[in-house]
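A.B. asks: Once you've had a glance at the structure underneath, I'll fire off some questions.
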Amino acid sequence: MYKINDNYLKLPGSYLFSTIGKKVAAYSAEHPEKEIIRLGIGDVTQPLAPAIIEALHKAVDEMGHAETFHGYAPDLGYEFLRKAIAEHDFQARGADIQADEIFVSDGAKCDAGNIQEIFSTDNKIAVCDPVYPVYVDTNVMAGRTGTYDPKTETWSDVIYMPCTAENGFAPELPKETPDLIYLCFPNNPTGSTITKAQLQEWVDYANQVGAVIIYDAAYEAYISEPDVPHTIYECEGARTCAIELRSFSKNAGFTGVRLGCTVIPKDLKCGEVSLHALWARRHGTKYNGAPYIVQRAGEAVYSPEGQAQLKAQVAYYMNNAKTILEGLKSAGYTVSGGVNAPYIWLKTPEGMDSWAFFDYLLENAGVVGTPGSGFGPSGEGYFRLTAFGSYENTVAALERIQKL
Ligand code: MLT
């Protein structure tokens, strides 16, 4: 008789955004007359920029002719895209990353979930609390997290690094030494950032204790302040201790198209074993790359038109963030984030936990957000709104919230 991977049975409930989706669908079915505004999941709403559409059309046409047809993409991605990423996202920022250290993929979410496969299940992970749920969920699936305590909503073998108002939603170095450290800045869900000097401390720490940092830079395009690093490789020594995940979803609208990349420097080694080689081996076997036409669309993001259009989209969402921040402040809420990130983190009203506030907002304002406790125990008492809605919906949501 076959056996299942019973680590999956340890996962409490469904994936956070599936739970929210089901709740909202049930509410909509009961109240079909209510117009719901969705500021919950961080999904973009603006159409792909013209430069990207043009590149997609051109690549689709190429696929229709024998001379320009493309079959399987190279395991690690097309050179034209890897070069563009290396030059624009790293070398232009003084970060020493070469094209052949970049692995093109079908999105940062997949890579964030899959990267743990190259590490032993004995490794101990450290995560920010609250945290993007994919990091912990996928380590649970792998059997790396011990037992779940429903009372504290924590796993016995996970090191939680609380990110609270007291520490500016920036984690402190853990007391217990981890093997793998997940960091995401600008942060999902709190919208917080750390300075280059703070990130340098993490890099120094990881090199000192022999840990690997898995750095999620998905929201890098939203950085507006000069002392916030755009990549961990701006820090000295990061090549020997850090893997970086990047996305085309949040900056260029590829959530439905799927494109991302993972950087593993060739200097990152566990003893004699190159992590780059292990990830390349995995890509060869379990290919989760992106199709030719999507990689051409990704290349177009780096053209002068693509860059201008990307900047315009980021500015559009950040104007929403400003609208949310100012609207919530004037309604008396305590808020943070939203300056270098498309997420706004607000304190729920006294006496209301984060799921109670979710229901309250849905029922009384028809606005969907994400309860902070869904991201971890330190998220209790907080709530996340995203700036990824349309401007009209964002304004309407704030008007409704202000009337409560
Ligand atoms: C979120 O809402 O946290 C993100 O959209 C989820 C994701 O990017 O997978």
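Chain identifiers are assigned as A, B, and so on, following the order in which chains appear in the structure tokens; residues are numbered from 1 within each chain, and ligands are numbered from 1 in order of appearance.
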Please list as number ranges by chain every residue within 12 Å of A:Phe254, counting only C-alpha atoms and excluding residues in the same chain fewer than 3 positions away.

C.D. replies: A: 43-49, 52-53, 106-108, 218, 247-251, 257-260, 290, 294-295, 297-298, 301, 310

A.B. asks: Selected residues, N, CA, C and O atoms, written as a CSV table (one decimal), in the first residue's frame, please.

C.D. replies:
```csv
chain,number,residue,atom,x,y,z
A,43,ASP,N,-2.0,40.9,-5.7
A,43,ASP,CA,-2.0,40.7,-7.1
A,43,ASP,C,-2.2,42.0,-7.9
A,43,ASP,O,-3.0,42.8,-7.5
A,44,VAL,N,-1.4,42.2,-8.9
A,44,VAL,CA,-1.4,43.5,-9.7
A,44,VAL,C,-2.7,43.6,-10.5
A,44,VAL,O,-3.4,42.6,-10.8
A,45,THR,N,-3.1,44.8,-10.8
A,45,THR,CA,-4.3,45.0,-11.6
A,45,THR,C,-4.1,45.8,-12.9
A,45,THR,O,-5.0,45.8,-13.7
A,46,GLN,N,-3.0,46.4,-13.0
A,46,GLN,CA,-2.7,47.2,-14.2
A,46,GLN,C,-2.3,46.3,-15.4
A,46,GLN,O,-1.5,45.4,-15.2
A,47,PRO,N,-2.7,46.6,-16.6
A,47,PRO,CA,-2.3,45.8,-17.8
A,47,PRO,C,-0.8,45.8,-18.0
A,47,PRO,O,-0.1,46.8,-17.6
A,48,LEU,N,-0.4,44.8,-18.7
A,48,LEU,CA,1.0,44.8,-19.1
A,48,LEU,C,1.3,46.0,-20.0
A,48,LEU,O,0.5,46.5,-20.8
A,49,ALA,N,2.5,46.6,-19.8
A,49,ALA,CA,2.9,47.8,-20.5
A,49,ALA,C,3.1,47.5,-22.0
A,49,ALA,O,3.4,46.4,-22.4
A,52,ILE,N,6.0,45.5,-23.4
A,52,ILE,CA,6.0,44.1,-23.1
A,52,ILE,C,5.0,43.4,-24.1
A,52,ILE,O,5.3,42.3,-24.6
A,53,ILE,N,3.9,44.0,-24.3
A,53,ILE,CA,2.9,43.4,-25.2
A,53,ILE,C,3.5,43.3,-26.6
A,53,ILE,O,3.4,42.2,-27.3
A,106,ASP,N,9.8,30.3,-13.5
A,106,ASP,CA,8.5,30.7,-13.7
A,106,ASP,C,7.9,31.5,-12.5
A,106,ASP,O,6.7,31.5,-12.3
A,107,GLY,N,8.8,32.1,-11.8
A,107,GLY,CA,8.3,33.0,-10.7
A,107,GLY,C,9.0,32.8,-9.4
A,107,GLY,O,9.5,31.7,-9.1
A,108,ALA,N,9.0,33.9,-8.6
A,108,ALA,CA,9.7,33.9,-7.3
A,108,ALA,C,9.0,33.0,-6.3
A,108,ALA,O,9.6,32.4,-5.4
A,218,ALA,N,11.5,40.5,-4.1
A,218,ALA,CA,10.4,40.6,-5.0
A,218,ALA,C,9.9,42.1,-5.1
A,218,ALA,O,9.3,42.4,-6.2
A,247,SER,N,11.5,38.8,-8.9
A,247,SER,CA,10.2,38.5,-9.5
A,247,SER,C,10.0,39.6,-10.6
A,247,SER,O,10.4,40.7,-10.4
A,248,PHE,N,9.3,39.2,-11.6
A,248,PHE,CA,8.8,40.2,-12.6
A,248,PHE,C,7.3,40.5,-12.3
A,248,PHE,O,6.6,41.2,-13.1
A,249,SER,N,6.7,39.9,-11.3
A,249,SER,CA,5.3,40.0,-11.0
A,249,SER,C,4.9,41.4,-10.5
A,249,SER,O,3.9,42.0,-11.0
A,250,LYS,N,5.6,41.9,-9.5
A,250,LYS,CA,5.2,43.1,-8.8
A,250,LYS,C,5.6,44.3,-9.5
A,250,LYS,O,5.0,45.4,-9.4
A,251,ASN,N,6.8,44.3,-10.2
A,251,ASN,CA,7.3,45.5,-10.9
A,251,ASN,C,6.7,45.6,-12.3
A,251,ASN,O,6.4,46.7,-12.7
A,257,VAL,N,1.6,36.0,-16.1
A,257,VAL,CA,2.5,35.6,-17.2
A,257,VAL,C,3.5,34.6,-16.6
A,257,VAL,O,3.9,33.6,-17.3
A,258,ARG,N,4.0,34.9,-15.4
A,258,ARG,CA,5.0,34.1,-14.7
A,258,ARG,C,6.4,34.2,-15.2
A,258,ARG,O,6.8,33.7,-16.2
A,259,LEU,N,7.2,34.9,-14.4
A,259,LEU,CA,8.6,35.1,-14.7
A,259,LEU,C,9.3,35.5,-13.4
A,259,LEU,O,8.9,36.5,-12.8
A,260,GLY,N,10.4,34.9,-13.1
A,260,GLY,CA,11.2,35.3,-12.0
A,260,GLY,C,12.6,34.8,-12.2
A,260,GLY,O,13.0,34.2,-13.3
A,290,ALA,N,10.8,29.4,-17.8
A,290,ALA,CA,9.7,30.1,-18.5
A,290,ALA,C,9.8,30.0,-20.0
A,290,ALA,O,10.9,29.8,-20.5
A,294,VAL,N,7.8,34.4,-23.0
A,294,VAL,CA,7.8,35.1,-21.7
A,294,VAL,C,9.2,35.7,-21.4
A,294,VAL,O,9.3,36.8,-20.9
A,295,GLN,N,10.2,34.9,-21.8
A,295,GLN,CA,11.6,35.5,-21.5
A,295,GLN,C,11.8,36.7,-22.4
A,295,GLN,O,12.5,37.6,-22.0
A,297,ALA,N,9.5,38.8,-23.3
A,297,ALA,CA,8.7,39.8,-22.6
A,297,ALA,C,9.5,40.4,-21.4
A,297,ALA,O,9.6,41.6,-21.2
A,298,GLY,N,10.2,39.5,-20.7
A,298,GLY,CA,11.1,39.9,-19.6
A,298,GLY,C,12.2,40.8,-20.1
A,298,GLY,O,12.5,41.8,-19.5
A,301,VAL,N,11.3,44.4,-20.5
A,301,VAL,CA,11.2,45.2,-19.3
A,301,VAL,C,12.4,46.1,-19.2
A,301,VAL,O,12.4,47.2,-18.6
A,310,LEU,N,7.6,50.7,-16.6
A,310,LEU,CA,7.7,50.1,-15.3
A,310,LEU,C,7.6,51.1,-14.2
A,310,LEU,O,6.9,51.0,-13.2
```

A.B. asks: What lies within 12 Å of A:Ala142 using only C-alpha atoms, ignoring chain neighbours under 5 positions off, as a list in words?

C.D. replies: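 Contacts, in chain order: Asn5, Asp6, Asn7, Tyr8, Leu9, Lys10, Leu11, Gly113, Asn114, Ile115, Gln116, Glu117, Ile118, Phe119, Ser120, Thr121, Asp122, Asn123, Ile125, Tyr135, Val136 and Asp137 of chain A.
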
A.B. asks: Write a file of the selected residues as a PDB file, in the first residue's frame, keeping C-alpha atoms.

C.D. replies:
```pdb
ATOM      1  CA  ASN A   5       3.971  12.437   2.456  1.00  0.00           C
ATOM      2  CA  ASP A   6       2.265  12.920   5.786  1.00  0.00           C
ATOM      3  CA  ASN A   7       4.116  16.180   6.394  1.00  0.00           C
ATOM      4  CA  TYR A   8       1.305  17.657   4.305  1.00  0.00           C
ATOM      5  CA  LEU A   9      -1.191  16.570   6.987  1.00  0.00           C
ATOM      6  CA  LYS A  10       0.650  18.688   9.530  1.00  0.00           C
ATOM      7  CA  LEU A  11      -0.237  21.885   7.678  1.00  0.00           C
ATOM      8  CA  GLY A 113       9.074  27.161  -2.253  1.00  0.00           C
ATOM      9  CA  ASN A 114      11.526  24.932  -4.117  1.00  0.00           C
ATOM     10  CA  ILE A 115      14.904  26.272  -3.024  1.00  0.00           C
ATOM     11  CA  GLN A 116      14.739  24.424   0.314  1.00  0.00           C
ATOM     12  CA  GLU A 117      15.006  21.125  -1.608  1.00  0.00           C
ATOM     13  CA  ILE A 118      18.780  21.485  -1.987  1.00  0.00           C
ATOM     14  CA  PHE A 119      19.254  21.663   1.786  1.00  0.00           C
ATOM     15  CA  SER A 120      19.202  18.846   4.333  1.00  0.00           C
ATOM     16  CA  THR A 121      15.981  18.328   6.267  1.00  0.00           C
ATOM     17  CA  ASP A 122      18.151  18.603   9.408  1.00  0.00           C
ATOM     18  CA  ASN A 123      18.722  22.285   8.763  1.00  0.00           C
ATOM     19  CA  ILE A 125      15.236  27.659   9.413  1.00  0.00           C
ATOM     20  CA  TYR A 135       8.659  29.876   3.295  1.00  0.00           C
ATOM     21  CA  VAL A 136       7.309  28.025   6.332  1.00  0.00           C
ATOM     22  CA  ASP A 137       4.640  25.983   4.483  1.00  0.00           C
TER      23      ASP A 137
END
```

A.B. asks: Write out as a Markdown table the residues of chain A that have any atom within 8 Å of an atom of ligand 1, one row each with the nearest atom pair and its distance in Å to one decimal, counting only C-alpha atoms and all ligand atoms, sorted by chain and then rising number.

C.D. replies:
```
| residue | atom | partner | partner_atom_place_in_ligand_line | distance |
| --- | --- | --- | --- | --- |
| A:Phe17 | CA | ligand 1 | 2 (O) | 7.3 |
| A:Gly40 | CA | ligand 1 | 2 (O) | 6.6 |
| A:Ile41 | CA | ligand 1 | 2 (O) | 3.6 |
| A:Gly42 | CA | ligand 1 | 5 (O) | 3.4 |
| A:Asp43 | CA | ligand 1 | 5 (O) | 5.2 |
| A:Ala108 | CA | ligand 1 | 8 (O) | 7.8 |
| A:Lys109 | CA | ligand 1 | 9 (O) | 5.4 |
| A:Tyr132 | CA | ligand 1 | 3 (O) | 6.0 |
| A:Pro133 | CA | ligand 1 | 3 (O) | 7.9 |
| A:Val134 | CA | ligand 1 | 9 (O) | 7.7 |
| A:Asn188 | CA | ligand 1 | 3 (O) | 6.2 |
| A:Pro189 | CA | ligand 1 | 3 (O) | 6.5 |
| A:Ser249 | CA | ligand 1 | 8 (O) | 7.7 |
| A:Lys250 | CA | ligand 1 | 8 (O) | 7.9 |
| A:Thr255 | CA | ligand 1 | 8 (O) | 7.8 |
| A:Thr386 | CA | ligand 1 | 2 (O) | 7.8 |
```

A.B. asks: Could those selected residues go to a file with N, CA and C atoms, as a CSV table (one decimal), in the first residue's frame?

C.D. replies:
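Result written to result-v1.csv:
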```csv
chain,number,residue,atom,x,y,z
A,17,PHE,N,-4.1,32.6,1.4
A,17,PHE,CA,-4.9,33.3,0.4
A,17,PHE,C,-6.0,32.5,-0.2
A,40,GLY,N,-6.7,42.4,-0.8
A,40,GLY,CA,-6.1,41.3,0.0
A,40,GLY,C,-4.9,40.8,-0.5
A,41,ILE,N,-5.0,39.9,-1.5
A,41,ILE,CA,-3.8,39.3,-2.1
A,41,ILE,C,-3.0,40.3,-2.9
A,42,GLY,N,-1.7,40.2,-2.9
A,42,GLY,CA,-0.9,41.2,-3.6
A,42,GLY,C,-0.8,40.9,-5.0
A,43,ASP,N,-2.0,40.9,-5.7
A,43,ASP,CA,-2.0,40.7,-7.1
A,43,ASP,C,-2.2,42.0,-7.9
A,108,ALA,N,9.0,33.9,-8.6
A,108,ALA,CA,9.7,33.9,-7.3
A,108,ALA,C,9.0,33.0,-6.3
A,109,LYS,N,7.6,32.9,-6.5
A,109,LYS,CA,6.9,32.0,-5.5
A,109,LYS,C,7.4,30.6,-5.6
A,132,TYR,N,5.8,35.9,4.9
A,132,TYR,CA,5.1,35.4,3.7
A,132,TYR,C,5.0,33.9,3.9
A,133,PRO,N,3.8,33.3,3.9
A,133,PRO,CA,3.6,31.9,4.3
A,133,PRO,C,4.3,30.8,3.5
A,134,VAL,N,4.7,31.1,2.3
A,134,VAL,CA,5.3,30.1,1.5
A,134,VAL,C,6.6,29.5,2.1
A,188,ASN,N,7.2,41.7,2.8
A,188,ASN,CA,5.8,41.3,2.8
A,188,ASN,C,5.6,40.4,4.1
A,189,PRO,N,4.7,40.8,5.0
A,189,PRO,CA,3.6,41.7,4.8
A,189,PRO,C,3.7,43.1,5.3
A,249,SER,N,6.7,39.9,-11.3
A,249,SER,CA,5.3,40.0,-11.0
A,249,SER,C,4.9,41.4,-10.5
A,250,LYS,N,5.6,41.9,-9.5
A,250,LYS,CA,5.2,43.1,-8.8
A,250,LYS,C,5.6,44.3,-9.5
A,255,THR,N,2.2,38.6,-12.9
A,255,THR,CA,1.6,37.6,-12.0
A,255,THR,C,0.9,36.5,-12.8
A,386,THR,N,-3.2,46.0,0.4
A,386,THR,CA,-2.3,46.2,-0.7
A,386,THR,C,-2.6,47.4,-1.5
```

A.B. asks: Just the residues within 7 Å of stretch 172-183 of chain A, please, counting only C-alpha atoms, with nothing from its chain fewer than 4 positions along; format it as a PyMOL selection string.

C.D. replies: chain A and resi 123-128+161+211-216

A.B. asks: Report, in Å to a single decimal, how far apart atom CA of A:Asp157 and atom CA of A:Arg144 are.

C.D. replies: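 Calculated distance between atom CA of A:Arg144 and atom CA of A:Asp157 is 7.3 Å.
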
A.B. asks: So that I can check the surroundings of A:Gly271, please list as a ChimeraX atom specification every protein, DNA and RNA residue that reaches within 12 Å of it, counting only C-alpha atoms and ignoring chain neighbours fewer than 3 positions away.

C.D. replies: /A:210,240,267-268,274-275

A.B. asks: I'd like to know which of A:Glu236, A:Glu272, A:Glu225, A:Asp61 is closest to A:Gly338, using only C-alpha atoms.

C.D. replies: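 Result for the nearest residue to A:Gly338: A:Glu225.
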
A.B. asks: Tell me which protein, DNA and RNA residues are within 6 Å of stretch 367-382 of chain A, counting only C-alpha atoms, leaving out same-chain ones fewer than 4 positions away, and put them as a list in words.

C.D. replies: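 Here the qualifying residues turn out to be Ile36, Ile37, Arg38, Leu39, Gly40, Asp129, Pro130, Val131, Pro133, Leu346, Lys347, Thr348, Asp353, Ser354, Trp355, Leu361 and Leu362 of chain A.
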
A.B. asks: Would you please extract all helix (DSSP H, G or I) residues from stretch 11-217 of chain A, as assigned by DSSP on the backbone, and give them as a ChimeraX atom specification?

C.D. replies: /A:16-30,50-63,79-93,99-101,108-118,133-142,196-209

A.B. asks: Can you list, as a list in words, every protein, DNA or RNA residue that comes within 9 Å of stretch 83-90 of chain A when you count only C-alpha atoms, leaving out same-chain residues fewer than 3 positions away?

C.D. replies: Tyr78, Glu79, Phe80, Arg93, Gly94, Ala95, Asp96, Ile97, Gln98, Ala99, Asp100, Glu101, Ile102, His230, Thr231, Tyr233, Glu234, Cys261, Glu299 and Tyr302 of chain A

A.B. asks: Could you take the residues named above and write them with N, CA, C and O atoms, as a PDB file, in the first residue's frame?

C.D. replies:
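Printed below is result_22.pdb as written:
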```pdb
ATOM      1  N   TYR A  78      17.421  31.860 -21.218  1.00  0.00           N
ATOM      2  CA  TYR A  78      18.116  32.404 -22.389  1.00  0.00           C
ATOM      3  C   TYR A  78      19.150  33.431 -21.953  1.00  0.00           C
ATOM      4  O   TYR A  78      18.893  34.249 -21.051  1.00  0.00           O
ATOM      5  N   GLU A  79      20.262  33.399 -22.648  1.00  0.00           N
ATOM      6  CA  GLU A  79      21.377  34.311 -22.380  1.00  0.00           C
ATOM      7  C   GLU A  79      20.913  35.783 -22.452  1.00  0.00           C
ATOM      8  O   GLU A  79      21.328  36.605 -21.641  1.00  0.00           O
ATOM      9  N   PHE A  80      20.033  36.105 -23.448  1.00  0.00           N
ATOM     10  CA  PHE A  80      19.644  37.519 -23.618  1.00  0.00           C
ATOM     11  C   PHE A  80      18.970  38.058 -22.363  1.00  0.00           C
ATOM     12  O   PHE A  80      19.167  39.205 -21.997  1.00  0.00           O
ATOM     13  N   ARG A  93      24.142  48.407 -10.162  1.00  0.00           N
ATOM     14  CA  ARG A  93      24.079  48.808  -8.749  1.00  0.00           C
ATOM     15  C   ARG A  93      25.380  48.480  -8.017  1.00  0.00           C
ATOM     16  O   ARG A  93      25.424  48.439  -6.778  1.00  0.00           O
ATOM     17  N   GLY A  94      26.395  48.141  -8.774  1.00  0.00           N
ATOM     18  CA  GLY A  94      27.698  47.846  -8.157  1.00  0.00           C
ATOM     19  C   GLY A  94      27.754  46.459  -7.536  1.00  0.00           C
ATOM     20  O   GLY A  94      28.648  46.169  -6.740  1.00  0.00           O
ATOM     21  N   ALA A  95      26.800  45.599  -7.880  1.00  0.00           N
ATOM     22  CA  ALA A  95      26.780  44.247  -7.310  1.00  0.00           C
ATOM     23  C   ALA A  95      27.400  43.283  -8.320  1.00  0.00           C
ATOM     24  O   ALA A  95      26.983  43.247  -9.484  1.00  0.00           O
ATOM     25  N   ASP A  96      28.361  42.506  -7.857  1.00  0.00           N
ATOM     26  CA  ASP A  96      29.120  41.628  -8.754  1.00  0.00           C
ATOM     27  C   ASP A  96      28.358  40.313  -8.960  1.00  0.00           C
ATOM     28  O   ASP A  96      28.611  39.315  -8.279  1.00  0.00           O
ATOM     29  N   ILE A  97      27.414  40.338  -9.878  1.00  0.00           N
ATOM     30  CA  ILE A  97      26.678  39.121 -10.252  1.00  0.00           C
ATOM     31  C   ILE A  97      26.756  38.989 -11.768  1.00  0.00           C
ATOM     32  O   ILE A  97      26.508  39.946 -12.501  1.00  0.00           O
ATOM     33  N   GLN A  98      27.127  37.794 -12.217  1.00  0.00           N
ATOM     34  CA  GLN A  98      27.282  37.554 -13.655  1.00  0.00           C
ATOM     35  C   GLN A  98      26.063  36.813 -14.202  1.00  0.00           C
ATOM     36  O   GLN A  98      25.346  36.140 -13.451  1.00  0.00           O
ATOM     37  N   ALA A  99      25.875  36.938 -15.527  1.00  0.00           N
ATOM     38  CA  ALA A  99      24.704  36.311 -16.174  1.00  0.00           C
ATOM     39  C   ALA A  99      24.626  34.811 -15.875  1.00  0.00           C
ATOM     40  O   ALA A  99      23.530  34.269 -15.680  1.00  0.00           O
ATOM     41  N   ASP A 100      25.780  34.142 -15.801  1.00  0.00           N
ATOM     42  CA  ASP A 100      25.723  32.689 -15.597  1.00  0.00           C
ATOM     43  C   ASP A 100      25.510  32.293 -14.137  1.00  0.00           C
ATOM     44  O   ASP A 100      25.602  31.115 -13.785  1.00  0.00           O
ATOM     45  N   GLU A 101      25.209  33.284 -13.291  1.00  0.00           N
ATOM     46  CA  GLU A 101      24.840  32.974 -11.897  1.00  0.00           C
ATOM     47  C   GLU A 101      23.334  33.128 -11.690  1.00  0.00           C
ATOM     48  O   GLU A 101      22.828  33.000 -10.581  1.00  0.00           O
ATOM     49  N   ILE A 102      22.634  33.405 -12.798  1.00  0.00           N
ATOM     50  CA  ILE A 102      21.189  33.667 -12.735  1.00  0.00           C
ATOM     51  C   ILE A 102      20.415  32.495 -13.325  1.00  0.00           C
ATOM     52  O   ILE A 102      20.754  32.002 -14.408  1.00  0.00           O
ATOM     53  N   HIS A 230      18.891  47.471  -2.948  1.00  0.00           N
ATOM     54  CA  HIS A 230      18.019  46.858  -3.958  1.00  0.00           C
ATOM     55  C   HIS A 230      18.323  45.377  -4.138  1.00  0.00           C
ATOM     56  O   HIS A 230      17.541  44.645  -4.711  1.00  0.00           O
ATOM     57  N   THR A 231      19.497  44.985  -3.713  1.00  0.00           N
ATOM     58  CA  THR A 231      19.891  43.571  -3.783  1.00  0.00           C
ATOM     59  C   THR A 231      20.842  43.287  -2.629  1.00  0.00           C
ATOM     60  O   THR A 231      21.606  44.169  -2.214  1.00  0.00           O
ATOM     61  N   TYR A 233      23.393  41.636  -2.800  1.00  0.00           N
ATOM     62  CA  TYR A 233      24.782  41.608  -3.281  1.00  0.00           C
ATOM     63  C   TYR A 233      25.420  43.000  -3.287  1.00  0.00           C
ATOM     64  O   TYR A 233      26.569  43.156  -3.659  1.00  0.00           O
ATOM     65  N   GLU A 234      24.675  44.012  -2.844  1.00  0.00           N
ATOM     66  CA  GLU A 234      25.297  45.314  -2.573  1.00  0.00           C
ATOM     67  C   GLU A 234      26.156  45.199  -1.311  1.00  0.00           C
ATOM     68  O   GLU A 234      26.992  46.060  -1.045  1.00  0.00           O
ATOM     69  N   CYS A 261      13.469  34.992 -11.219  1.00  0.00           N
ATOM     70  CA  CYS A 261      14.794  34.366 -11.308  1.00  0.00           C
ATOM     71  C   CYS A 261      15.381  34.204  -9.915  1.00  0.00           C
ATOM     72  O   CYS A 261      14.947  34.875  -8.965  1.00  0.00           O
ATOM     73  N   GLU A 299      12.768  40.435 -21.241  1.00  0.00           N
ATOM     74  CA  GLU A 299      13.856  41.256 -21.808  1.00  0.00           C
ATOM     75  C   GLU A 299      13.349  42.672 -22.097  1.00  0.00           C
ATOM     76  O   GLU A 299      14.051  43.663 -21.865  1.00  0.00           O
ATOM     77  N   TYR A 302      13.565  45.617 -19.709  1.00  0.00           N
ATOM     78  CA  TYR A 302      14.818  46.361 -19.549  1.00  0.00           C
ATOM     79  C   TYR A 302      15.100  47.339 -20.690  1.00  0.00           C
ATOM     80  O   TYR A 302      16.103  48.041 -20.654  1.00  0.00           O
TER      81      TYR A 302
END
```

A.B. asks: Find the residues near A:Gly146: any atom within 9 Å, counting only C-alpha atoms, skip ones fewer than 2 places away on the same chain, and give them as a PyMOL selection string.

C.D. replies: chain A and resi 140+143-144+148+155-158

A.B. asks: Could those residues be written to a file, using C-alpha atoms, as a JSON list (two decimals), in the first residue's frame?

C.D. replies:
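The new file result_29.json reads:
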```json
[["chain", "number", "residue", "atom", "x", "y", "z"],
["A", 140, "VAL", "CA", 6.64, 21.91, 6.65],
["A", 143, "GLY", "CA", 9.48, 17.75, 7.15],
["A", 144, "ARG", "CA", 11.89, 20.34, 8.45],
["A", 148, "TYR", "CA", 2.86, 22.49, 15.36],
["A", 155, "TRP", "CA", 6.45, 25.11, 14.81],
["A", 156, "SER", "CA", 8.84, 23.58, 17.33],
["A", 157, "ASP", "CA", 11.86, 23.54, 14.97],
["A", 158, "VAL", "CA", 11.48, 26.99, 13.46]]
```

A.B. asks: Nearest residue to A:Gly289 out of A:Leu56, A:Ala396, A:Cys110, A:Val314, using only C-alpha atoms?

C.D. replies: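 Of A:Leu56, A:Ala396, A:Cys110, A:Val314, the one nearest A:Gly289 is A:Cys110, counting only C-alpha atoms.
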
A.B. asks: So, with only C-alpha atoms as the atoms that count, which of A:Glu35, A:Ala217, A:Lys269, A:Gln198 lies closest to A:Cys235?

C.D. replies: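 That would be A:Gln198, the residue with the smallest distance to A:Cys235.
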
A.B. asks: Taking the backbone alone, and naming residues the way the document does, which bits of stretch 154-284 of chain A are strand (DSSP E or B) by DSSP, as a PyMOL selection string?

C.D. replies: chain A and resi 154-155+158-162+180-184+212-216+242-247+260-263+269-270+273-274

A.B. asks: Just to confirm, what's the straight-line distance from atom CA of A:Asn364 to atom CA of A:Gly21 in Å (one decimal)?

C.D. replies: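 Atom-to-atom, atom CA of A:Asn364 and atom CA of A:Gly21 are spaced 17.8 Å apart.
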
A.B. asks: Measuring atom to atom with only C-alpha atoms, identify which of A:Phe358, A:Phe383, A:Tyr287, A:Phe388 is nearest to A:Val335.

C.D. replies: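 Between A:Phe358, A:Phe383, A:Tyr287, A:Phe388, the residue approaching A:Val335 most closely is A:Phe383.
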